Amino acid sequence: MSETINLKLKVWRQKNTSAKGRFEIYDMPGVSTHMSFLEMMDVLNDKLIRGGQEPVAFDHDCREGICGMCSMFINGRAHGPLRGTTACQLHMRHFQDGETITIEPWRANAFPVIRDLVVDRSAFDKIIQAGGFVSVNTGNAPDANSIPVEKHKAEESFDAAACIGCGACVASCKNSSAMLFLSAKVSQLALLPQGDPERKVRVLKMVQAHDEAGFGSCTNIGACEAKCPKNISIAHIARLNKEYLRASLARD
Amino acid sequence: MIHALKMFYTTVGRKMIMALTGLFLVTFLIEHLYGNLLLYKLDGGVAFNEYSEFLVSSLFIRVVEIALFAGFLIHIIDGIYLTLYNRRARKIRYEVEHVSGLGTWFSRNMGLTGAVIFFFLVVHLKSFFVPYRIFHTDTSLAYEVASAFRSNWYAALYVVSMVILGSHLNHGFQSAFHSLGFNNIKYMKPMKTLGTLFALIMMIGFASFPIMFYFDIFGVGTDILGH
Ligand code: HEM
Ligand code: SF4
Ligand code: FES
């Protein structure tokens with residue numbers, strides 16, 4: 001495999017939320033196959049700045065697949081062609097010489113474009129604020145392991161806690177539903193004794209916040225799970241549904 | 001009670017309505033298949049006709065019938081509502097979108113397969129239910145069925161519709177349990193297999209009638225029609 005490839009990038013450009021966006025085509029000759037996708041974007045932006053043009057705005061932070069900031073719909077897939085990968089962890093060796101790569105922002109009414117590839121994901125914050133927390137008493141720190149948690153529950157809860165809030169689930173969902181994100185938090189806390197005090201209120205409030213943000217309804221397709229960089233299972237959505245049913249039927 | 005009913009306004013609750021009504025329609029399908037199998041008794045259609053006369057005359061069945069129509073109506077209205085609601089949640093669509101491998105074709109096309117089933121239902125009710133149940137025609141229902149399936153296009157319409165019904169159920173059956181929270185990591189794969197198995201049984205079961213009567217296999221058609 002050659003060390004460099006020549007690419008054409010078709011990138012969504014949009015000045016601000018209300019502006020009408022359009023695709024721009026950029027030639028990218030000699031892209032190193034060792035670069036990450038974001039490094040390739042850096043090279044593009046460097047070229048644009050030197051040419052006196054506006055760089056492409058895109059979200060990024062950790063660049064090691066743990067913060068969830070990078071959000072790009074690459075060639076028709078959230079975070080690009082691979083499974084279990086964020087855009088920052090995607091490398092250029094997965095692309096062919098001469099390929100045109102289309103790069104779009106996440107598309108969902110609940111995620112309005114701020115600029116170019118940057119979308120506003122504060123709807124996720126609102127969902128978490130509605131109930132994605134536990135009450136902890138102040139005072140002395142409790143003894144370690146004073147609250148026993150069964151191993152399989154701890155593990156399943158931890159799997160759900162791996163969510164980095166990237167929004168790829170929403171971006172990939174035919175219904176723009178945030179059910180995988182929402183269920184990851186509800187399921188994580190429902191599995192632990194620490195989550196018990198707010199258990200009922202949490203699920204009701206979080207579902208309400210989800211709906212108010214304008215996300216769609218889940219139809220159990222599973223595209224979210226397939227494109228989630230943390231491979232979070234839609235089994236958590238089943239648990240969310242159960243939690244919701246229980247909380248709704250409760251007398252208080 | 002009011003508090004509990006409020007749950008049906010949310011995206012999660014709306015989906016549960018789909019699941020509850022869908023599973024209710026599934027029980028009807030099972031019963032319907034059982035009734036149809038009486039056509040294979042080779043008794044000149046006697047058992048099937050007796051059964052259908054019982055359905056028309058029973059008061060209990062009148063009540064069930066109302067529930068059934070309500071079930072269909074709610075399922076269809078909520079289905080259309082959710083399909084449109086979900087479509088509108090993404091006003092600006094992607095320029096390039098590759099969905100292969102991201103969930104099944106069946107799961108992405110529930111609205112489409114549902115619409116085909118609806119079209120089929122209209123034709124189906126018009127040929128059998130309306131004349132027999134509303135106007136009480138003189139010919140026996142077994143006779144009507146056996147002669148209807150001698151028509152090319154009619155038999156073909158039925159077979160195609162049953163394949164579509166199978167597609168709807170292939171996703172719908174397991175999805176309904178998922179929506180109601182009766183699923184977990186361990187059961188997910190077996191539930192999918194069970195759903196496919198159920199969909200295949202329903203598809204093959206119902207599609208067998210137009211095929212058996214069209215080709216007069218085992219003389220099922222001659223047995224009823226006499227020719
Ligand atoms: C005998 C007839 C039918 C049966 C047994 C049936 C069964 C089901 C089941 C079990 C589900 C799954 C519910 C869930 O995922 O929670 C479902 C979903 C659905 N059905 Fe039906 N259905 C039938 C007819 C129809 C008709 C006539 C329509 C529309 C005109 C329709 C439209 C839909 C839609 C839009 C969904 C939702 C898809 C989704 O949420 O993934 N169905 N159906
Ligand atoms: S569930 Fe997965 S895809 Fe969705 S926000 Fe969390 S990490 Fe991203
Ligand atoms: S930049 Fe942090 S996950 Fe990609």
# chains A, B, ... in the order shown; residues from 1 in each chain; ligands from 1
$ residues_near_ligand --ligand "ligand 1" --cutoff "6 Å" --atoms "only C-alpha atoms and all ligand atoms" --output "list in words"
Thr219 of chain A; Lys15, Met16, Met18, Ala19, Gly22, Leu23, Leu25, Val26, Ile76, Gly79, Ile80, Thr83, Ser107, Met110, Gly111, Gly114, Ala115, Ile117, Phe118, Leu169, Gly172, Phe173, Ser175, Ala176 and Ser179 of chain B
$ residues_near_ligand --ligand "ligand 3" --cutoff "10 Å" --atoms "only C-alpha atoms and all ligand atoms" --output "ChimeraX atom specification"
/A:37-38,58-72,79,85-90,164-166,229
$ write_last_selection --atoms "N, CA and C atoms" --output "CSV table (one decimal), in the first residue's frame"
chain,number,residue,atom,x,y,z
A,37,PHE,N,-8.1,11.0,10.7
A,37,PHE,CA,-9.0,11.8,9.9
A,37,PHE,C,-8.9,13.3,10.3
A,38,LEU,N,-8.8,13.5,11.6
A,38,LEU,CA,-8.8,14.9,12.0
A,38,LEU,C,-7.5,15.6,11.6
A,58,PHE,N,-14.7,22.3,12.9
A,58,PHE,CA,-15.2,21.0,13.3
A,58,PHE,C,-14.9,20.8,14.8
A,59,ASP,N,-15.7,20.0,15.5
A,59,ASP,CA,-15.5,19.8,16.9
A,59,ASP,C,-14.4,18.7,17.1
A,60,HIS,N,-13.6,18.9,18.1
A,60,HIS,CA,-12.6,17.9,18.5
A,60,HIS,C,-12.0,18.3,19.9
A,61,ASP,N,-11.5,17.3,20.6
A,61,ASP,CA,-10.8,17.7,21.9
A,61,ASP,C,-9.8,16.7,22.2
A,62,CYS,N,-10.1,15.5,22.7
A,62,CYS,CA,-9.1,14.6,23.2
A,62,CYS,C,-8.3,13.9,22.1
A,63,ARG,N,-8.9,13.7,21.0
A,63,ARG,CA,-8.3,13.0,19.8
A,63,ARG,C,-7.8,11.6,20.2
A,64,GLU,N,-8.4,11.0,21.2
A,64,GLU,CA,-8.1,9.6,21.5
A,64,GLU,C,-9.3,8.8,21.8
A,65,GLY,N,-10.4,9.3,21.3
A,65,GLY,CA,-11.6,8.4,21.3
A,65,GLY,C,-12.3,8.4,22.6
A,66,ILE,N,-12.1,9.4,23.5
A,66,ILE,CA,-12.8,9.3,24.8
A,66,ILE,C,-13.7,10.5,25.2
A,67,CYS,N,-13.6,11.6,24.4
A,67,CYS,CA,-14.3,12.8,24.8
A,67,CYS,C,-15.7,12.9,24.1
A,68,GLY,N,-15.8,12.3,22.9
A,68,GLY,CA,-17.0,12.4,22.2
A,68,GLY,C,-17.3,13.7,21.4
A,69,MET,N,-16.3,14.6,21.4
A,69,MET,CA,-16.5,15.8,20.7
A,69,MET,C,-16.5,15.7,19.2
A,70,CYS,N,-15.6,14.9,18.6
A,70,CYS,CA,-15.5,14.8,17.1
A,70,CYS,C,-16.9,14.3,16.6
A,71,SER,N,-17.4,14.9,15.6
A,71,SER,CA,-18.7,14.5,15.1
A,71,SER,C,-18.8,14.8,13.6
A,72,MET,N,-18.6,13.7,12.9
A,72,MET,CA,-18.6,13.9,11.4
A,72,MET,C,-19.3,12.7,10.8
A,79,HIS,N,-19.0,8.9,12.1
A,79,HIS,CA,-17.6,8.5,12.4
A,79,HIS,C,-16.9,7.7,11.3
A,85,THR,N,-15.6,3.1,16.4
A,85,THR,CA,-14.5,4.1,16.3
A,85,THR,C,-15.1,5.5,16.2
A,86,THR,N,-14.3,6.4,16.8
A,86,THR,CA,-14.7,7.8,16.6
A,86,THR,C,-13.9,8.4,15.4
A,87,ALA,N,-14.3,9.5,14.9
A,87,ALA,CA,-13.7,10.1,13.8
A,87,ALA,C,-12.2,10.4,14.0
A,88,CYS,N,-11.9,10.7,15.3
A,88,CYS,CA,-10.5,11.0,15.6
A,88,CYS,C,-9.6,9.8,15.6
A,89,GLN,N,-10.2,8.6,15.8
A,89,GLN,CA,-9.5,7.3,15.8
A,89,GLN,C,-9.5,6.6,14.4
A,90,LEU,N,-10.1,7.3,13.5
A,90,LEU,CA,-10.2,6.7,12.1
A,90,LEU,C,-8.9,7.2,11.3
A,164,ILE,N,-19.9,8.2,25.6
A,164,ILE,CA,-19.1,9.5,25.6
A,164,ILE,C,-20.0,10.7,25.1
A,165,GLY,N,-21.2,10.4,24.9
A,165,GLY,CA,-22.1,11.5,24.5
A,165,GLY,C,-21.8,12.2,23.1
A,166,CYS,N,-21.3,11.3,22.2
A,166,CYS,CA,-20.9,11.9,20.9
A,166,CYS,C,-22.1,12.2,20.0
A,229,PRO,N,-19.5,4.4,18.9
A,229,PRO,CA,-18.0,4.1,19.1
A,229,PRO,C,-17.7,3.3,20.3
$ interface_residues --of "chain B" --to "chain A" --cutoff "7 Å" --atoms "only C-alpha atoms" --output "number ranges by chain"
B: 4, 7, 10-12, 85-87, 89-94, 96-98, 102-104, 107-108, 175, 178-185
$ write_last_selection --atoms "N, CA, C and O atoms" --output "compact mmCIF listing (two decimals), in the first residue's frame"
# COMPACT_ATOMS: atom_id res chain seq x y z
N ALA B 4 -51.07 7.39 34.97
CA ALA B 4 -50.56 6.26 34.19
C ALA B 4 -50.86 6.47 32.71
O ALA B 4 -50.05 6.11 31.85
N MET B 7 -48.49 8.42 30.24
CA MET B 7 -47.30 7.79 29.67
C MET B 7 -47.43 7.60 28.15
O MET B 7 -46.44 7.58 27.44
N THR B 10 -45.70 10.15 25.37
CA THR B 10 -44.27 10.30 25.07
C THR B 10 -43.84 9.38 23.92
O THR B 10 -44.57 8.49 23.52
N THR B 11 -42.62 9.62 23.43
CA THR B 11 -42.10 8.78 22.35
C THR B 11 -42.02 7.32 22.80
O THR B 11 -42.25 6.41 22.01
N VAL B 12 -41.68 7.11 24.07
CA VAL B 12 -41.57 5.74 24.57
C VAL B 12 -42.96 5.11 24.68
O VAL B 12 -43.18 3.97 24.27
N TYR B 85 -43.85 11.58 12.46
CA TYR B 85 -43.14 12.28 13.54
C TYR B 85 -41.64 12.04 13.43
O TYR B 85 -40.83 12.97 13.53
N ASN B 86 -41.28 10.78 13.23
CA ASN B 86 -39.87 10.42 13.16
C ASN B 86 -39.20 10.97 11.91
O ASN B 86 -38.04 11.35 11.93
N ARG B 87 -39.95 11.00 10.83
CA ARG B 87 -39.38 11.55 9.60
C ARG B 87 -39.10 13.04 9.77
O ARG B 87 -38.08 13.55 9.33
N ALA B 89 -38.30 14.58 12.40
CA ALA B 89 -37.26 14.90 13.38
C ALA B 89 -35.92 15.19 12.70
O ALA B 89 -34.95 15.57 13.34
N ARG B 90 -35.85 14.98 11.36
CA ARG B 90 -34.64 15.33 10.61
C ARG B 90 -35.08 16.09 9.36
O ARG B 90 -35.35 15.49 8.33
N LYS B 91 -35.17 17.41 9.49
CA LYS B 91 -35.68 18.20 8.37
C LYS B 91 -34.67 18.25 7.23
O LYS B 91 -35.04 18.14 6.07
N ILE B 92 -33.39 18.45 7.57
CA ILE B 92 -32.36 18.45 6.53
C ILE B 92 -31.74 17.06 6.49
O ILE B 92 -31.24 16.56 7.49
N ARG B 93 -31.79 16.43 5.34
CA ARG B 93 -31.35 15.04 5.25
C ARG B 93 -29.90 14.97 4.77
O ARG B 93 -29.33 15.96 4.31
N TYR B 94 -29.32 13.79 4.88
CA TYR B 94 -27.93 13.61 4.46
C TYR B 94 -27.83 13.57 2.94
O TYR B 94 -28.74 13.09 2.27
N VAL B 96 -25.22 11.94 1.49
CA VAL B 96 -24.81 10.55 1.29
C VAL B 96 -25.15 9.78 2.56
O VAL B 96 -24.81 10.22 3.66
N GLU B 97 -25.84 8.66 2.43
CA GLU B 97 -26.18 7.87 3.60
C GLU B 97 -26.11 6.39 3.25
O GLU B 97 -26.76 5.94 2.30
N HIS B 98 -25.29 5.64 3.97
CA HIS B 98 -25.18 4.20 3.73
C HIS B 98 -25.76 3.44 4.91
O HIS B 98 -25.20 3.48 5.99
N LEU B 102 -26.65 -1.53 9.00
CA LEU B 102 -27.08 -0.79 10.20
C LEU B 102 -28.56 -1.10 10.47
O LEU B 102 -29.44 -0.33 10.14
N GLY B 103 -28.83 -2.24 11.04
CA GLY B 103 -30.22 -2.66 11.22
C GLY B 103 -30.72 -3.31 9.93
O GLY B 103 -30.11 -3.15 8.88
N THR B 104 -31.83 -4.03 10.03
CA THR B 104 -32.31 -4.78 8.87
C THR B 104 -33.23 -3.94 7.99
O THR B 104 -33.78 -2.94 8.42
N SER B 107 -36.66 -3.76 9.53
CA SER B 107 -36.88 -2.80 10.61
C SER B 107 -37.04 -1.39 10.08
O SER B 107 -37.74 -0.58 10.64
N ARG B 108 -36.37 -1.08 8.97
CA ARG B 108 -36.44 0.29 8.45
C ARG B 108 -37.71 0.53 7.64
O ARG B 108 -38.02 1.67 7.32
N SER B 175 -39.59 -6.89 18.19
CA SER B 175 -39.52 -5.46 18.52
C SER B 175 -40.56 -5.10 19.57
O SER B 175 -40.31 -4.28 20.46
N HIS B 178 -39.30 -5.95 22.91
CA HIS B 178 -38.25 -5.00 23.25
C HIS B 178 -38.88 -3.69 23.74
O HIS B 178 -38.46 -3.12 24.75
N SER B 179 -39.91 -3.22 23.01
CA SER B 179 -40.56 -1.95 23.35
C SER B 179 -41.21 -2.00 24.72
O SER B 179 -41.34 -0.99 25.39
N LEU B 180 -41.67 -3.20 25.10
CA LEU B 180 -42.34 -3.32 26.39
C LEU B 180 -41.37 -3.66 27.51
O LEU B 180 -41.77 -3.87 28.66
N GLY B 181 -40.10 -3.72 27.17
CA GLY B 181 -39.09 -3.95 28.19
C GLY B 181 -38.80 -5.41 28.49
O GLY B 181 -37.99 -5.72 29.35
N PHE B 182 -39.47 -6.32 27.77
CA PHE B 182 -39.22 -7.75 28.00
C PHE B 182 -38.09 -8.23 27.11
O PHE B 182 -38.30 -9.00 26.18
N ASN B 183 -36.91 -7.73 27.36
CA ASN B 183 -35.76 -8.18 26.58
C ASN B 183 -34.51 -7.80 27.34
O ASN B 183 -34.53 -6.88 28.15
N ASN B 184 -33.45 -8.52 27.13
CA ASN B 184 -32.16 -8.15 27.72
C ASN B 184 -31.05 -8.75 26.88
O ASN B 184 -31.30 -9.43 25.89
N ILE B 185 -29.81 -8.48 27.30
CA ILE B 185 -28.65 -8.89 26.50
C ILE B 185 -28.69 -10.38 26.18
O ILE B 185 -28.41 -10.80 25.07
$ residues_around --residues "Asp116 in chain A" --least-positions-apart "5" --cutoff "6 Å" --atoms "only C-alpha atoms" --output "number ranges by chain"
A: 12-14, 57
$ residues_around --residues "Thr4 in chain A" --least-positions-apart "4" --cutoff "12 Å" --atoms "only C-alpha atoms" --output "PDB file with N, CA and C atoms, in the first residue's frame"
ATOM      1  N   MET A  28      -7.214  17.264  -2.153  1.00  0.00           N
ATOM      2  CA  MET A  28      -6.228  16.958  -1.115  1.00  0.00           C
ATOM      3  C   MET A  28      -5.207  15.963  -1.663  1.00  0.00           C
ATOM      4  N   PRO A  29      -4.188  16.445  -2.360  1.00  0.00           N
ATOM      5  CA  PRO A  29      -3.187  15.519  -2.888  1.00  0.00           C
ATOM      6  C   PRO A  29      -2.201  15.114  -1.797  1.00  0.00           C
ATOM      7  N   GLY A  30      -1.652  13.913  -1.925  1.00  0.00           N
ATOM      8  CA  GLY A  30      -0.566  13.471  -1.048  1.00  0.00           C
ATOM      9  C   GLY A  30      -0.921  13.376   0.419  1.00  0.00           C
ATOM     10  N   VAL A  31      -2.085  12.818   0.746  1.00  0.00           N
ATOM     11  CA  VAL A  31      -2.461  12.639   2.152  1.00  0.00           C
ATOM     12  C   VAL A  31      -1.770  11.387   2.699  1.00  0.00           C
ATOM     13  N   SER A  32      -1.039  11.535   3.787  1.00  0.00           N
ATOM     14  CA  SER A  32      -0.358  10.376   4.385  1.00  0.00           C
ATOM     15  C   SER A  32      -1.403   9.399   4.934  1.00  0.00           C
ATOM     16  N   THR A  33      -1.204   8.098   4.667  1.00  0.00           N
ATOM     17  CA  THR A  33      -2.167   7.098   5.148  1.00  0.00           C
ATOM     18  C   THR A  33      -2.034   6.878   6.648  1.00  0.00           C
ATOM     19  N   HIS A  34      -0.978   7.428   7.241  1.00  0.00           N
ATOM     20  CA  HIS A  34      -0.794   7.268   8.691  1.00  0.00           C
ATOM     21  C   HIS A  34      -1.554   8.334   9.487  1.00  0.00           C
ATOM     22  N   MET A  35      -2.026   9.350   8.764  1.00  0.00           N
ATOM     23  CA  MET A  35      -2.746  10.422   9.461  1.00  0.00           C
ATOM     24  C   MET A  35      -4.095   9.926   9.992  1.00  0.00           C
ATOM     25  N   MET A  40      -5.930  14.983   8.952  1.00  0.00           N
ATOM     26  CA  MET A  40      -6.149  15.312   7.546  1.00  0.00           C
ATOM     27  C   MET A  40      -6.956  16.616   7.434  1.00  0.00           C
ATOM     28  N   MET A  92      -6.402   7.328   7.757  1.00  0.00           N
ATOM     29  CA  MET A  92      -6.594   7.530   6.329  1.00  0.00           C
ATOM     30  C   MET A  92      -6.300   6.276   5.516  1.00  0.00           C
ATOM     31  N   ARG A  93      -5.675   5.273   6.147  1.00  0.00           N
ATOM     32  CA  ARG A  93      -5.404   4.028   5.409  1.00  0.00           C
ATOM     33  C   ARG A  93      -6.698   3.284   5.065  1.00  0.00           C
ATOM     34  N   HIS A  94      -7.794   3.681   5.653  1.00  0.00           N
ATOM     35  CA  HIS A  94      -9.064   3.022   5.344  1.00  0.00           C
ATOM     36  C   HIS A  94      -9.735   3.632   4.121  1.00  0.00           C
ATOM     37  N   PHE A  95      -9.045   4.567   3.452  1.00  0.00           N
ATOM     38  CA  PHE A  95      -9.623   5.189   2.258  1.00  0.00           C
ATOM     39  C   PHE A  95      -8.775   4.846   1.034  1.00  0.00           C
ATOM     40  N   GLN A  96      -9.421   4.916  -0.128  1.00  0.00           N
ATOM     41  CA  GLN A  96      -8.758   4.533  -1.379  1.00  0.00           C
ATOM     42  C   GLN A  96      -8.178   5.768  -2.074  1.00  0.00           C
ATOM     43  N   ASP A  97      -7.102   5.548  -2.809  1.00  0.00           N
ATOM     44  CA  ASP A  97      -6.533   6.608  -3.628  1.00  0.00           C
ATOM     45  C   ASP A  97      -7.573   7.058  -4.651  1.00  0.00           C
ATOM     46  N   GLY A  98      -7.737   8.366  -4.814  1.00  0.00           N
ATOM     47  CA  GLY A  98      -8.666   8.892  -5.813  1.00  0.00           C
ATOM     48  C   GLY A  98     -10.098   9.023  -5.320  1.00  0.00           C
TER      49      GLY A  98
END
$ closest_residue --among "B:Ser100, B:Ser52, B:Thr27, B:Asn152" --to "Phe198 in chain B" --atoms "only C-alpha atoms"
B:Thr27
$ residues_around --residues "Met191 in chain B" --least-positions-apart "3" --cutoff "9 Å" --atoms "only C-alpha atoms" --output "PyMOL selection string"
chain B and resi 173-175+177+183+187-188+194-196
$ write_last_selection --atoms "N, CA and C atoms" --output "PDB file, in the first residue's frame"
ATOM      1  N   PHE B 173     -42.484  -8.668  15.691  1.00  0.00           N
ATOM      2  CA  PHE B 173     -42.713  -9.583  16.810  1.00  0.00           C
ATOM      3  C   PHE B 173     -41.700  -9.365  17.934  1.00  0.00           C
ATOM      4  N   GLN B 174     -40.420  -9.436  17.604  1.00  0.00           N
ATOM      5  CA  GLN B 174     -39.416  -9.264  18.672  1.00  0.00           C
ATOM      6  C   GLN B 174     -39.341  -7.811  19.130  1.00  0.00           C
ATOM      7  N   SER B 175     -39.585  -6.889  18.186  1.00  0.00           N
ATOM      8  CA  SER B 175     -39.518  -5.463  18.515  1.00  0.00           C
ATOM      9  C   SER B 175     -40.555  -5.102  19.571  1.00  0.00           C
ATOM     10  N   PHE B 177     -41.707  -6.936  22.024  1.00  0.00           N
ATOM     11  CA  PHE B 177     -41.236  -7.323  23.350  1.00  0.00           C
ATOM     12  C   PHE B 177     -40.159  -6.365  23.844  1.00  0.00           C
ATOM     13  N   ASN B 183     -36.914  -7.732  27.356  1.00  0.00           N
ATOM     14  CA  ASN B 183     -35.760  -8.181  26.576  1.00  0.00           C
ATOM     15  C   ASN B 183     -34.513  -7.797  27.345  1.00  0.00           C
ATOM     16  N   TYR B 187     -31.346 -12.466  26.072  1.00  0.00           N
ATOM     17  CA  TYR B 187     -32.481 -12.929  25.269  1.00  0.00           C
ATOM     18  C   TYR B 187     -32.524 -12.327  23.868  1.00  0.00           C
ATOM     19  N   MET B 188     -31.698 -11.305  23.611  1.00  0.00           N
ATOM     20  CA  MET B 188     -31.878 -10.567  22.364  1.00  0.00           C
ATOM     21  C   MET B 188     -31.769 -11.445  21.121  1.00  0.00           C
ATOM     22  N   LEU B 194     -36.727 -16.265  17.338  1.00  0.00           N
ATOM     23  CA  LEU B 194     -38.127 -16.614  17.584  1.00  0.00           C
ATOM     24  C   LEU B 194     -39.040 -15.766  16.686  1.00  0.00           C
ATOM     25  N   GLY B 195     -38.733 -14.473  16.567  1.00  0.00           N
ATOM     26  CA  GLY B 195     -39.521 -13.566  15.734  1.00  0.00           C
ATOM     27  C   GLY B 195     -39.507 -13.993  14.277  1.00  0.00           C
ATOM     28  N   THR B 196     -38.324 -14.375  13.791  1.00  0.00           N
ATOM     29  CA  THR B 196     -38.210 -14.817  12.403  1.00  0.00           C
ATOM     30  C   THR B 196     -38.982 -16.114  12.202  1.00  0.00           C
TER      31      THR B 196
END
$ atom_distance --atom1 "CA of Ala19 in chain A" --atom2 "CA of Glu95 in chain B"
17.7 Å
$ closest_residue --among "B:Val220, B:Ile66, B:Val163, B:Leu141" --to "Gly35 in chain B" --atoms "only C-alpha atoms"
B:Leu141
$ atom_distance --atom1 "CA of Ile114 in chain A" --atom2 "atom 5 (S, counted along the ligand's line) of ligand 2"
18.6 Å
$ select_by_dssp --residues "range 18-155 of chain B" --states "helix (DSSP H, G or I)" --output "PyMOL selection string"
chain B and resi 18-41+46-57+59-88+105-108+110-134+141-148+152-155
$ atom_distance --atom1 "CA of Gly71 in chain B" --atom2 "CA of Tyr34 in chain B"
20.0 Å
$ residues_around --residues "Lys41 in chain B" --least-positions-apart "5" --cutoff "10 Å" --atoms "only C-alpha atoms" --output "list of chain:residue names"
B:Val46, B:Ala47, B:Phe48, B:Val220, B:Asp223
$ write_last_selection --atoms "all heavy atoms" --output "mmCIF file, in the first residue's frame"
data_model
loop_
_atom_site.group_PDB
_atom_site.id
_atom_site.type_symbol
_atom_site.label_atom_id
_atom_site.label_comp_id
_atom_site.auth_asym_id
_atom_site.auth_seq_id
_atom_site.Cartn_x
_atom_site.Cartn_y
_atom_site.Cartn_z
ATOM 1 N N VAL B 46 -67.141 -28.469 5.207
ATOM 2 C CA VAL B 46 -68.161 -28.455 6.268
ATOM 3 C C VAL B 46 -67.629 -27.821 7.562
ATOM 4 O O VAL B 46 -68.231 -26.887 8.106
ATOM 5 C CB VAL B 46 -68.679 -29.891 6.551
ATOM 6 C CG1 VAL B 46 -69.596 -29.880 7.778
ATOM 7 C CG2 VAL B 46 -69.418 -30.424 5.332
ATOM 8 N N ALA B 47 -66.460 -28.297 8.028
ATOM 9 C CA ALA B 47 -65.907 -27.800 9.297
ATOM 10 C C ALA B 47 -65.635 -26.304 9.214
ATOM 11 O O ALA B 47 -65.953 -25.548 10.135
ATOM 12 C CB ALA B 47 -64.623 -28.552 9.635
ATOM 13 N N PHE B 48 -65.054 -25.884 8.090
ATOM 14 C CA PHE B 48 -64.733 -24.467 7.914
ATOM 15 C C PHE B 48 -66.001 -23.619 7.920
ATOM 16 O O PHE B 48 -66.054 -22.566 8.554
ATOM 17 C CB PHE B 48 -63.965 -24.278 6.603
ATOM 18 C CG PHE B 48 -63.576 -22.847 6.323
ATOM 19 C CD1 PHE B 48 -62.503 -22.259 6.970
ATOM 20 C CD2 PHE B 48 -64.312 -22.078 5.416
ATOM 21 C CE1 PHE B 48 -62.146 -20.944 6.718
ATOM 22 C CE2 PHE B 48 -63.968 -20.749 5.173
ATOM 23 C CZ PHE B 48 -62.885 -20.185 5.824
ATOM 24 N N VAL B 220 -57.669 -30.021 -2.800
ATOM 25 C CA VAL B 220 -58.386 -29.214 -1.802
ATOM 26 C C VAL B 220 -59.480 -28.353 -2.436
ATOM 27 O O VAL B 220 -60.530 -28.127 -1.839
ATOM 28 C CB VAL B 220 -57.431 -28.300 -0.978
ATOM 29 C CG1 VAL B 220 -56.632 -29.094 0.026
ATOM 30 C CG2 VAL B 220 -56.521 -27.489 -1.883
ATOM 31 N N ASP B 223 -62.419 -30.638 -3.821
ATOM 32 C CA ASP B 223 -63.168 -31.158 -2.673
ATOM 33 C C ASP B 223 -64.307 -30.207 -2.282
ATOM 34 O O ASP B 223 -65.396 -30.646 -1.932
ATOM 35 C CB ASP B 223 -62.200 -31.334 -1.498
ATOM 36 C CG ASP B 223 -62.934 -31.734 -0.230
ATOM 37 O OD1 ASP B 223 -63.591 -32.791 -0.253
ATOM 38 O OD2 ASP B 223 -62.890 -30.957 0.749
#
